[in-house]
>>> print(open('coords_4.txt').read())   # compact mmCIF, C-alpha atoms
# COMPACT_ATOMS: atom_id res chain seq x y z
CA MET L 1 66.39 1.98 24.18
CA LYS L 2 64.39 1.35 27.24
CA SER L 3 62.26 4.41 26.82
CA ASP L 4 61.59 3.37 23.22
CA ASN L 5 60.41 0.02 24.35
CA ASP L 6 58.20 1.65 26.92
CA SER L 7 56.41 3.79 24.40
CA VAL L 8 55.80 0.88 22.06
CA ALA L 9 54.28 -1.43 24.60
CA PRO L 10 51.36 0.77 25.71
CA ALA L 11 50.57 1.63 22.08
CA PHE L 12 50.45 -2.01 21.23
CA SER L 13 48.33 -2.88 24.21
CA ARG L 14 46.03 0.03 23.51
CA ARG L 15 45.48 -1.18 19.97
CA PHE L 16 44.90 -4.66 21.28
CA PHE L 17 42.48 -3.28 23.81
CA LEU L 18 40.66 -1.30 21.11
CA LYS L 19 40.31 -4.36 18.98
CA ARG L 20 38.85 -6.24 21.88
CA LYS L 21 36.48 -3.38 22.53
CA ILE L 22 35.30 -3.41 18.93
CA ARG L 23 34.82 -7.13 19.08
CA ARG L 24 32.82 -6.74 22.26
CA GLU L 25 30.72 -4.07 20.62
CA ILE L 26 30.02 -6.31 17.67
CA LEU L 27 28.98 -9.10 20.00
CA ILE L 28 26.63 -6.78 21.87
CA GLY L 29 25.32 -5.52 18.54
CA TRP L 30 24.41 -9.00 17.44
CA LEU L 31 22.76 -9.65 20.79
CA PHE L 32 20.64 -6.57 20.21
CA VAL L 33 19.67 -7.78 16.75
CA LEU L 34 18.98 -11.31 17.91
CA PRO L 35 15.29 -10.96 18.93
CA ALA L 36 14.42 -9.28 15.64
CA LEU L 37 16.35 -11.94 13.79
CA VAL L 38 14.51 -14.74 15.59
CA MET L 39 11.14 -13.15 14.78
CA TYR L 40 12.22 -12.64 11.19
CA THR L 41 13.31 -16.23 10.80
CA LEU L 42 10.18 -17.55 12.44
CA PHE L 43 7.56 -15.44 10.69
CA VAL L 44 9.15 -14.45 7.39
CA LEU L 45 11.89 -16.83 6.42
CA GLN L 46 10.24 -20.03 7.54
CA PRO L 47 6.94 -19.49 5.67
CA LEU L 48 8.92 -18.39 2.64
CA VAL L 49 11.05 -21.52 2.60
CA LEU L 50 8.01 -23.69 3.26
CA THR L 51 6.10 -22.08 0.38
CA VAL L 52 8.97 -22.64 -2.00
CA ARG L 53 9.18 -26.23 -0.82
CA TYR L 54 5.44 -26.87 -1.19
CA SER L 55 5.55 -25.50 -4.70
CA PHE L 56 7.48 -28.59 -5.80
CA TYR L 57 4.91 -31.02 -4.45
CA LYS L 58 1.39 -32.08 -5.25
CA TRP L 59 -0.37 -31.86 -1.93
CA ASN L 60 -3.95 -31.42 -0.75
CA GLY L 61 -3.00 -30.13 2.69
CA VAL L 62 -3.52 -33.33 4.68
CA GLY L 63 -2.60 -36.37 2.59
CA PRO L 64 0.86 -37.49 1.52
CA MET L 65 3.00 -35.05 -0.46
CA ILE L 66 4.06 -36.20 -3.91
CA TRP L 67 7.20 -34.73 -5.46
CA VAL L 68 6.39 -33.32 -8.91
CA GLY L 69 9.38 -31.09 -9.56
CA LEU L 70 8.62 -28.06 -11.68
CA LYS L 71 5.27 -29.38 -12.90
CA ASN L 72 3.28 -26.89 -10.82
CA TYR L 73 5.07 -23.98 -12.49
CA VAL L 74 4.42 -25.45 -15.93
CA THR L 75 0.75 -25.77 -15.01
CA VAL L 76 0.60 -22.10 -14.00
CA PHE L 77 1.91 -21.12 -17.41
CA GLN L 78 -0.34 -23.51 -19.31
CA VAL L 79 -3.71 -22.94 -17.69
CA PRO L 80 -5.18 -19.72 -19.08
CA ASN L 81 -7.09 -19.03 -15.88
CA LEU L 82 -3.89 -18.98 -13.88
CA ILE L 83 -1.62 -17.03 -16.17
CA GLY L 84 -4.57 -14.73 -16.87
CA THR L 85 -4.55 -13.61 -13.26
CA ILE L 86 -1.07 -12.24 -13.79
CA PHE L 87 -2.24 -10.20 -16.79
CA ASN L 88 -5.11 -8.92 -14.67
CA ALA L 89 -2.60 -7.94 -12.02
CA PHE L 90 -0.73 -5.81 -14.54
CA TRP L 91 -3.98 -4.18 -15.62
CA LEU L 92 -4.64 -3.41 -12.02
CA VAL L 93 -1.23 -1.73 -11.78
CA VAL L 94 -2.47 0.88 -14.26
CA TRP L 95 -5.51 1.58 -12.08
CA PHE L 96 -3.95 1.23 -8.66
CA SER L 97 -0.62 2.82 -9.40
CA PHE L 98 -0.22 4.95 -12.52
CA ILE L 99 -3.51 6.83 -12.20
CA PRO L 100 -3.29 7.56 -8.44
CA VAL L 101 0.35 8.66 -8.71
CA GLY L 102 -0.31 10.81 -11.79
CA LEU L 103 -3.46 12.32 -10.36
CA GLY L 104 -1.79 12.68 -6.98
CA LEU L 105 0.99 14.70 -8.58
CA VAL L 106 -1.53 16.99 -10.23
CA VAL L 107 -3.57 17.40 -7.04
CA ALA L 108 -0.51 18.00 -4.88
CA SER L 109 0.83 20.65 -7.21
CA VAL L 110 -2.58 22.33 -7.48
CA ILE L 111 -2.76 22.42 -3.68
CA HIS L 112 0.77 23.75 -3.54
CA ARG L 113 0.01 26.51 -6.03
CA VAL L 114 -3.51 27.73 -5.32
CA ALA L 115 -4.42 26.44 -1.87
CA THR L 116 -1.55 26.90 0.53
CA GLY L 117 -3.66 27.82 3.54
CA ARG L 118 -6.37 26.05 5.42
CA PHE L 119 -8.20 25.00 2.26
CA GLY L 120 -5.16 23.01 1.22
CA SER L 121 -4.88 21.15 4.48
CA ILE L 122 -8.61 20.43 4.51
CA SER L 123 -8.48 18.99 1.02
CA ARG L 124 -5.45 16.88 1.93
CA THR L 125 -7.27 15.52 4.96
CA VAL L 126 -10.43 14.74 3.03
CA LEU L 127 -8.52 13.00 0.26
CA PHE L 128 -6.68 10.95 2.86
CA LEU L 129 -9.88 9.74 4.57
CA PRO L 130 -10.25 6.55 2.51
CA GLN L 131 -6.86 5.41 3.79
CA VAL L 132 -8.05 5.22 7.38
CA ILE L 133 -10.89 2.79 6.81
CA PRO L 134 -10.21 -0.93 6.38
CA LEU L 135 -9.95 -2.10 2.78
CA VAL L 136 -12.73 -4.58 3.43
CA ALA L 137 -15.07 -1.74 4.36
CA ALA L 138 -14.04 0.13 1.21
CA GLY L 139 -14.90 -2.93 -0.84
CA ILE L 140 -18.33 -3.27 0.78
CA ILE L 141 -19.19 0.43 0.38
CA TRP L 142 -18.23 0.45 -3.27
CA GLY L 143 -19.95 -2.86 -3.84
CA TRP L 144 -23.20 -1.10 -2.95
CA LEU L 145 -22.43 2.07 -4.84
CA LEU L 146 -21.62 0.20 -8.04
CA ALA L 147 -24.54 -2.22 -7.84
CA LEU L 148 -27.47 -2.00 -10.24
CA PRO L 149 -29.67 0.17 -7.97
CA GLY L 150 -26.61 1.88 -6.51
CA LEU L 151 -25.68 5.51 -6.32
CA ILE L 152 -23.38 5.56 -9.35
CA ASN L 153 -26.15 4.35 -11.66
CA GLN L 154 -28.60 6.84 -10.14
CA ILE L 155 -26.22 9.71 -10.81
CA LEU L 156 -25.72 8.50 -14.36
CA LYS L 157 -29.50 8.34 -14.84
CA ALA L 158 -29.91 11.80 -13.35
CA VAL L 159 -27.51 13.32 -15.85
CA GLY L 160 -29.15 11.53 -18.77
CA LEU L 161 -26.73 8.66 -19.21
CA GLY L 162 -29.27 6.01 -18.27
CA ALA L 163 -28.29 3.99 -21.32
CA ILE L 164 -24.89 3.02 -19.92
CA THR L 165 -26.02 2.00 -16.44
CA ARG L 166 -25.19 -1.55 -15.59
CA ALA L 167 -24.13 -3.75 -12.71
CA TRP L 168 -20.59 -2.48 -12.96
CA LEU L 169 -18.98 -5.20 -10.90
CA GLY L 170 -20.90 -7.93 -12.70
CA ASP L 171 -20.00 -6.86 -16.23
CA PHE L 172 -17.24 -8.77 -17.99
CA ASN L 173 -15.69 -5.69 -19.55
CA TRP L 174 -16.27 -3.22 -16.76
CA ALA L 175 -15.59 -5.22 -13.61
CA LEU L 176 -11.83 -4.66 -13.66
CA PRO L 177 -12.02 -0.88 -14.26
CA ALA L 178 -14.69 -0.70 -11.55
CA VAL L 179 -12.36 -2.43 -9.10
CA GLY L 180 -9.65 -0.08 -10.31
CA LEU L 181 -11.87 2.87 -9.44
CA ILE L 182 -12.05 1.63 -5.86
CA GLY L 183 -8.28 1.41 -5.86
CA ILE L 184 -7.93 4.99 -7.11
CA TRP L 185 -10.31 6.18 -4.41
CA VAL L 186 -8.29 4.45 -1.71
CA LEU L 187 -4.78 5.25 -2.91
CA LEU L 188 -5.13 8.80 -4.23
CA GLY L 189 -5.00 10.34 -0.77
CA PHE L 190 -1.86 8.48 0.19
CA CYS L 191 -0.07 9.63 -2.97
CA THR L 192 -1.30 13.20 -2.59
CA VAL L 193 -0.16 13.52 1.01
CA LEU L 194 3.25 11.98 0.35
CA LEU L 195 3.86 14.09 -2.74
CA SER L 196 2.71 17.32 -1.10
CA THR L 197 5.10 16.67 1.76
CA GLY L 198 7.85 16.26 -0.79
CA MET L 199 6.82 19.47 -2.52
CA THR L 200 7.23 21.52 0.64
CA LYS L 201 10.89 20.53 0.63
CA ILE L 202 11.46 22.04 -2.82
CA ASP L 203 13.15 25.42 -2.61
CA PRO L 204 10.39 28.02 -3.11
CA SER L 205 12.81 30.34 -4.87
CA LEU L 206 12.75 27.96 -7.82
CA TYR L 207 9.01 28.46 -8.15
CA GLU L 208 9.36 32.19 -7.60
CA SER L 209 11.90 32.58 -10.37
CA ALA L 210 9.76 30.43 -12.64
CA ARG L 211 6.76 32.64 -11.92
CA ILE L 212 8.75 35.80 -12.52
CA ASP L 213 9.61 34.31 -15.90
CA GLY L 214 5.89 33.86 -16.40
CA ALA L 215 5.86 30.07 -16.31
CA SER L 216 2.43 28.50 -16.51
CA TRP L 217 1.28 25.87 -14.05
CA PHE L 218 2.12 23.17 -16.56
CA ARG L 219 5.66 24.43 -17.21
CA GLU L 220 6.29 24.62 -13.49
CA PHE L 221 4.91 21.13 -13.08
CA VAL L 222 7.05 19.50 -15.76
CA GLY L 223 10.16 21.58 -15.23
CA ILE L 224 10.47 21.76 -11.46
CA THR L 225 8.01 19.58 -9.61
CA ILE L 226 8.45 16.24 -11.34
CA PRO L 227 12.27 16.17 -11.54
CA LEU L 228 12.70 17.22 -7.93
CA LEU L 229 10.11 14.78 -6.64
CA ARG L 230 11.71 11.70 -8.21
CA TYR L 231 12.39 10.06 -4.88
CA GLU L 232 8.84 10.60 -3.55
CA ILE L 233 7.36 9.43 -6.83
CA GLY L 234 9.51 6.32 -6.52
CA VAL L 235 8.15 5.61 -3.05
CA CYS L 236 4.57 6.17 -4.21
CA LEU L 237 5.04 3.87 -7.19
CA THR L 238 6.61 1.17 -5.04
CA VAL L 239 3.81 1.16 -2.49
CA THR L 240 1.00 1.32 -5.03
CA VAL L 241 2.50 -1.28 -7.37
CA ILE L 242 2.79 -3.70 -4.46
CA ALA L 243 -0.81 -2.86 -3.51
CA ALA L 244 -1.89 -3.66 -7.07
CA LEU L 245 0.07 -6.86 -7.59
CA ALA L 246 -0.73 -8.24 -4.16
CA ALA L 247 -4.33 -6.95 -4.16
CA PHE L 248 -6.67 -9.18 -2.26
CA ASP L 249 -9.07 -7.48 0.17
CA ILE L 250 -10.80 -5.07 -2.20
CA VAL L 251 -11.12 -7.59 -5.00
CA TYR L 252 -12.25 -10.42 -2.76
CA VAL L 253 -14.96 -8.37 -1.07
CA SER L 254 -16.28 -6.59 -4.15
CA THR L 255 -16.17 -9.30 -6.82
CA ALA L 256 -14.33 -12.37 -5.45
CA GLY L 257 -12.61 -12.65 -8.83
CA GLY L 258 -15.78 -12.75 -10.88
CA PRO L 259 -17.60 -12.48 -13.19
CA GLY L 260 -15.95 -15.55 -14.64
CA ASN L 261 -12.32 -14.73 -14.15
CA ALA L 262 -12.57 -11.09 -15.19
CA THR L 263 -11.11 -9.69 -12.00
CA ALA L 264 -9.19 -12.72 -10.73
CA VAL L 265 -5.81 -11.51 -9.48
CA PRO L 266 -3.04 -13.80 -8.20
CA GLY L 267 -3.95 -13.12 -4.57
CA ILE L 268 -7.51 -14.33 -5.11
CA GLN L 269 -6.42 -17.29 -7.19
CA ILE L 270 -3.88 -18.39 -4.58
CA TYR L 271 -6.57 -18.23 -1.92
CA ILE L 272 -9.05 -20.21 -4.00
CA LEU L 273 -6.47 -22.82 -5.00
CA ALA L 274 -5.19 -23.29 -1.48
CA PHE L 275 -8.38 -23.21 0.56
CA SER L 276 -11.19 -24.21 -1.82
CA GLN L 277 -9.54 -26.54 -4.29
CA ARG L 278 -6.97 -27.82 -1.83
CA SER L 279 -4.07 -27.83 -4.24
CA ILE L 280 -1.48 -26.32 -1.93
CA GLY L 281 1.39 -27.07 -4.30
CA LEU L 282 -0.11 -25.18 -7.22
CA ALA L 283 -1.08 -22.28 -4.97
CA SER L 284 2.46 -22.12 -3.63
CA ALA L 285 3.90 -22.12 -7.14
CA LEU L 286 1.67 -19.19 -8.08
CA ALA L 287 2.62 -17.43 -4.86
CA VAL L 288 6.33 -17.85 -5.54
CA MET L 289 5.82 -16.50 -9.05
CA LEU L 290 3.88 -13.53 -7.68
CA MET L 291 6.69 -12.80 -5.25
CA ILE L 292 9.33 -12.93 -7.99
CA LEU L 293 7.11 -10.71 -10.12
CA VAL L 294 6.80 -8.11 -7.39
CA VAL L 295 10.57 -8.04 -6.84
CA VAL L 296 11.24 -7.83 -10.59
CA VAL L 297 8.86 -4.92 -10.98
CA ILE L 298 9.93 -3.05 -7.83
CA LEU L 299 13.70 -3.21 -8.26
CA PRO L 300 13.89 -1.02 -11.41
CA ILE L 301 11.58 1.56 -9.80
CA GLN L 302 13.79 1.68 -6.73
CA ARG L 303 16.96 1.95 -8.77
CA LEU L 304 15.51 4.66 -10.99
CA SER L 305 14.40 6.89 -8.14
CA ARG L 306 17.65 6.39 -6.20
CA GLU L 307 20.01 7.05 -9.09
CA ASN L 308 18.33 10.18 -10.26
CA ASN L 309 18.17 11.45 -6.76
CA ALA L 310 21.87 11.08 -6.13
CA MET R 1 3.77 35.27 -6.28
CA ARG R 2 0.87 36.39 -8.37
CA ILE R 3 -1.38 33.77 -9.84
CA ALA R 4 -4.03 34.52 -12.41
CA ARG R 5 -7.47 34.67 -10.91
CA GLY R 6 -8.87 32.19 -13.42
CA GLU R 7 -6.25 29.65 -12.54
CA LEU R 8 -6.89 30.15 -8.85
CA TRP R 9 -10.56 29.37 -9.17
CA THR R 10 -10.09 26.51 -11.62
CA GLY R 11 -7.68 24.90 -9.19
CA ARG R 12 -10.00 25.33 -6.26
CA ALA R 13 -12.99 24.02 -8.20
CA PHE R 14 -10.93 21.00 -9.18
CA LEU R 15 -10.02 20.31 -5.56
CA LEU R 16 -13.61 20.77 -4.42
CA ALA R 17 -14.91 18.35 -7.04
CA LEU R 18 -12.32 15.77 -6.06
CA MET R 19 -13.20 16.16 -2.39
CA ALA R 20 -16.87 15.70 -3.20
CA ILE R 21 -16.15 12.46 -5.05
CA THR R 22 -13.99 11.21 -2.21
CA ILE R 23 -16.52 11.99 0.48
CA LEU R 24 -19.58 10.72 -1.41
CA PRO R 25 -19.22 7.04 -0.46
CA PHE R 26 -18.99 7.98 3.22
CA ILE R 27 -22.18 10.05 3.03
CA SER R 28 -23.90 7.28 1.14
CA ILE R 29 -23.06 4.61 3.69
CA PHE R 30 -24.04 6.90 6.55
CA VAL R 31 -27.44 7.58 5.03
CA THR R 32 -27.89 3.90 4.29
CA ALA R 33 -27.16 3.11 7.92
CA LEU R 34 -30.15 5.21 8.96
CA HIS R 35 -32.68 3.32 6.85
CA PRO R 36 -34.89 0.65 8.42
CA SER R 37 -33.25 -2.74 8.11
CA GLY R 38 -34.59 -4.94 5.33
CA THR R 39 -35.01 -2.10 2.86
CA VAL R 40 -32.69 -1.26 0.00
CA PRO R 41 -32.45 2.53 -0.06
CA ASN R 42 -32.06 4.49 -3.25
CA GLY R 43 -28.78 6.31 -3.14
CA LEU R 44 -28.63 9.46 -1.06
CA GLU R 45 -32.31 9.66 -0.15
CA TRP R 46 -32.72 10.84 3.46
CA PRO R 47 -34.97 8.35 5.25
CA ALA R 48 -38.42 9.50 6.35
CA ASP R 49 -37.83 8.07 9.77
CA PRO R 50 -34.09 7.94 10.59
CA GLN R 51 -33.34 4.73 12.46
CA TRP R 52 -30.65 5.88 14.87
CA GLY R 53 -31.23 2.65 16.72
CA ASN R 54 -29.48 0.81 13.89
CA PHE R 55 -26.14 1.76 15.39
CA ILE R 56 -27.04 0.31 18.77
CA GLU R 57 -28.47 -2.76 17.05
CA ALA R 58 -25.27 -3.29 15.09
CA PHE R 59 -23.26 -2.87 18.24
CA LYS R 60 -25.26 -5.64 19.88
CA VAL R 61 -25.52 -8.00 16.91
CA ALA R 62 -21.81 -7.90 16.14
CA GLN R 63 -20.96 -8.48 19.81
CA MET R 64 -18.86 -5.38 19.70
CA PRO R 65 -17.54 -5.52 23.30
CA ALA R 66 -15.96 -8.91 22.65
CA LEU R 67 -14.50 -7.76 19.34
CA LEU R 68 -13.10 -4.59 20.82
CA LEU R 69 -11.59 -6.58 23.64
CA SER R 70 -9.75 -8.77 21.14
CA SER R 71 -8.49 -5.70 19.30
CA THR R 72 -7.30 -4.15 22.52
CA PHE R 73 -5.56 -7.35 23.47
CA ILE R 74 -3.77 -7.48 20.11
CA VAL R 75 -2.69 -3.86 20.45
CA ILE R 76 -1.39 -4.34 23.98
CA ALA R 77 0.41 -7.54 23.10
CA VAL R 78 1.86 -6.58 19.73
CA VAL R 79 2.83 -2.93 19.89
CA PRO R 80 5.23 -2.98 22.87
CA VAL R 81 6.93 -6.19 21.78
CA SER R 82 7.51 -5.08 18.21
CA LEU R 83 8.54 -1.63 19.39
CA VAL R 84 11.16 -3.04 21.75
CA ILE R 85 12.49 -5.58 19.28
CA SER R 86 12.71 -3.17 16.38
CA THR R 87 14.25 -0.42 18.48
CA MET R 88 16.95 -2.82 19.62
CA ALA R 89 17.65 -3.97 16.09
CA GLY R 90 17.62 -0.41 14.79
CA PHE R 91 20.04 0.69 17.50
CA ALA R 92 22.42 -2.15 16.71
CA ILE R 93 22.26 -1.63 12.95
CA GLY R 94 22.48 2.13 13.13
CA LEU R 95 24.91 2.85 15.94
CA LEU R 96 26.97 -0.21 16.74
CA ARG R 97 27.86 -0.79 13.09
CA ILE R 98 28.00 -4.53 13.15
CA PRO R 99 29.38 -6.29 10.07
CA GLY R 100 26.78 -7.26 7.50
CA SER R 101 24.36 -4.63 8.75
CA SER R 102 23.30 -3.47 5.29
CA VAL R 103 22.34 -6.97 4.25
CA LEU R 104 20.52 -7.42 7.53
CA LEU R 105 18.66 -4.14 7.14
CA SER R 106 17.47 -4.81 3.63
CA SER R 107 16.34 -8.33 4.46
CA LEU R 108 14.47 -7.15 7.57
CA CYS R 109 12.81 -4.42 5.57
CA SER R 110 11.75 -6.75 2.78
CA GLY R 111 10.14 -9.08 5.30
>>> encode(input="coords_4.txt", output="structure tokens")
Amino acid sequence: MKSDNDSVAPAFSRRFFLKRKIRREILIGWLFVLPALVMYTLFVLQPLVLTVRYSFYKWNGVGPMIWVGLKNYVTVFQVPNLIGTIFNAFWLVVWFSFIPVGLGLVVASVIHRVATGRFGSISRTVLFLPQVIPLVAAGIIWGWLLALPGLINQILKAVGLGAITRAWLGDFNWALPAVGLIGIWVLLGFCTVLLSTGMTKIDPSLYESARIDGASWFREFVGITIPLLRYEIGVCLTVTVIAALAAFDIVYVSTAGGPGNATAVPGIQIYILAFSQRSIGLASALAVMLMILVVVVILPIQRLSRENNA
Amino acid sequence: MRIARGELWTGRAFLLALMAITILPFISIFVTALHPSGTVPNGLEWPADPQWGNFIEAFKVAQMPALLLSSTFIVIAVVPVSLVISTMAGFAIGLLRIPGSSVLLSSLCSG
């Protein structure tokens, strides 16, 4: 009886002690997280909450704030110039995201297949170069290249296409594709490098067996590369879609939203509304909508790449 | 691992062309930087009298030392602090397994 009691007591106290240890660990864990949490609250959460709050007011930044409820959101939907920026943003997704990712896949698989040695690493490095310069510099460089006396028009003239030269960034129909071209130039290297890294993880025996079966480059590409790179493609799409929807630097430097509103994206419009027209409320409403839009677009991409990967 | 010769060279030509397009803007801006200020150069034309002094001029006009000092200050101030804070948070989330860590992680990442 006594011995039984003896064996129970230490077990109980050990469990109790363990529990206390876990609790202590949790407390220490939270203490470790605390600084990050404070920073997060201060620099992410607080501006977010403030923006949402401003979006319900009519406010010029200094005067009194007038509660207007959802009127700012209604205005965004009603004014063609504002809702148009969101359509432009989706157009930009095609240029900033679909083309770089698609082209990046092709380039990465070409490198993987025909240029495994030094040539491959040189081409990866060169394609990555645009990523290391600031976006503002990219905008300025391309602003010159695409101008009326710029290099692009000179090349076109040299190959006998003088008839289609124009001020690309000043043309109503061509300004958005021209901005898109800048985006492709900047983002292609990022996609290529990420996808080629993913490709090196694919089991080479798969490619070998495909080649023994006489598979062409295209068959290999569709049958092996794309399915096994789903996760990397998902990452690429996420980053580039965010770059497109939240585009500001390139567009602001190269066209500032013009001509007219041909290249106005939400980022530009928010900036103009908030700092030139001083309607903070409306700008905040557009910003909140942009944020929701980004989340709505990104979530399915994330889910798709995760699920298929598992 | 045999690849048809035609395919090999098509692939390499494709890569070379793409590299040329990527590098072109850099060459263009470099050549433009060598032209005398006040002129608008025509594309890739090499200037008759390369103005290497433009670089020094730009360095002076933009007050580069002051700008670089600000950049250095930002780097010194920001990098260690964020490194320490994020390492601590990562350690806690990853190893100490505090409750609610997944929610915490996703919200920190989204921020």
>>> residues_around(input="coords_4.txt", residues="Phe56 in chain L", least_positions_apart="3", cutoff="8 Å", atoms="all atoms listed in the file", output="PyMOL selection string")
chain L and resi 52-53+67-72+281+285
>>> write_last_selection(input="coords_4.txt", atoms="C-alpha atoms", output="PDB file, in the frame of the given file")
ATOM      1  CA  VAL L  52       8.970 -22.640  -2.000  1.00  0.00           C
ATOM      2  CA  ARG L  53       9.180 -26.230  -0.820  1.00  0.00           C
ATOM      3  CA  TRP L  67       7.200 -34.730  -5.460  1.00  0.00           C
ATOM      4  CA  VAL L  68       6.390 -33.320  -8.910  1.00  0.00           C
ATOM      5  CA  GLY L  69       9.380 -31.090  -9.560  1.00  0.00           C
ATOM      6  CA  LEU L  70       8.620 -28.060 -11.680  1.00  0.00           C
ATOM      7  CA  LYS L  71       5.270 -29.380 -12.900  1.00  0.00           C
ATOM      8  CA  ASN L  72       3.280 -26.890 -10.820  1.00  0.00           C
ATOM      9  CA  GLY L 281       1.390 -27.070  -4.300  1.00  0.00           C
ATOM     10  CA  ALA L 285       3.900 -22.120  -7.140  1.00  0.00           C
TER      11      ALA L 285
END
>>> interface_residues(input="coords_4.txt", of="chain L", to="chain R", cutoff="7 Å", atoms="all atoms listed in the file", output="list in words")
Glu25, Ile26, Gly29, Phe32, Val33, Pro35, Ala36, Tyr40, Val44, Val110, Val114, Ser123, Val126, Leu127, Ile141, Pro149, Gly150, Leu151, Trp185, Glu208 and Arg211 of chain L
>>> closest_residue(input="coords_4.txt", among="L:Leu282, L:Leu105, L:Val93, L:Met65", to="Thr192 in chain L", atoms="all atoms listed in the file")
L:Leu105
>>> residues_around(input="coords_4.txt", residues="Thr200 in chain L", least_positions_apart="4", cutoff="12 Å", atoms="all atoms listed in the file", output="list in words")
Ala108, Ser109, Ile111, His112, Arg113, Thr116, Val193, Leu194, Leu195, Ser196, Pro204, Ser205, Leu206, Tyr207, Thr225, Leu228, Leu229 and Glu232 of chain L
>>> residues_around(input="coords_4.txt", residues="Gly63 in chain L", least_positions_apart="3", cutoff="12 Å", atoms="all atoms listed in the file", output="list in words")
Tyr57, Lys58, Trp59, Asn60, Ile66, Arg278, Ser279 and Ile280 of chain L
>>> atom_distance(input="coords_4.txt", atom1="CA of Ile152 in chain L", atom2="CA of Phe30 in chain R")
16.0 Å
>>> closest_residue(input="coords_4.txt", among="R:Ser70, R:Ala33, R:Ala77, R:Ala13", to="Ile56 in chain R", atoms="all atoms listed in the file")
R:Ala33
>>> atom_distance(input="coords_4.txt", atom1="CA of Val253 in chain L", atom2="CA of Gly170 in chain L")
13.1 Å
>>> residues_around(input="coords_4.txt", residues="Leu181 in chain L", least_positions_apart="3", cutoff="12 Å", atoms="all atoms listed in the file", output="VMD selection string")
(chain L and resid 92 to 97 99 to 100 138 to 139 142 to 143 145 to 146 152 168 to 169 174 to 178 184 to 188 250 to 251 254) or (chain R and resid 21 to 22)
>>> residues_around(input="coords_4.txt", residues="Phe87 in chain L", least_positions_apart="5", cutoff="12 Å", atoms="all atoms listed in the file", output="PyMOL selection string")
chain L and resi 77+80-82+92-94+176+244-245+261-266+290+293
>>> atom_distance(input="coords_4.txt", atom1="CA of Cys236 in chain L", atom2="CA of Pro47 in chain L")
27.6 Å
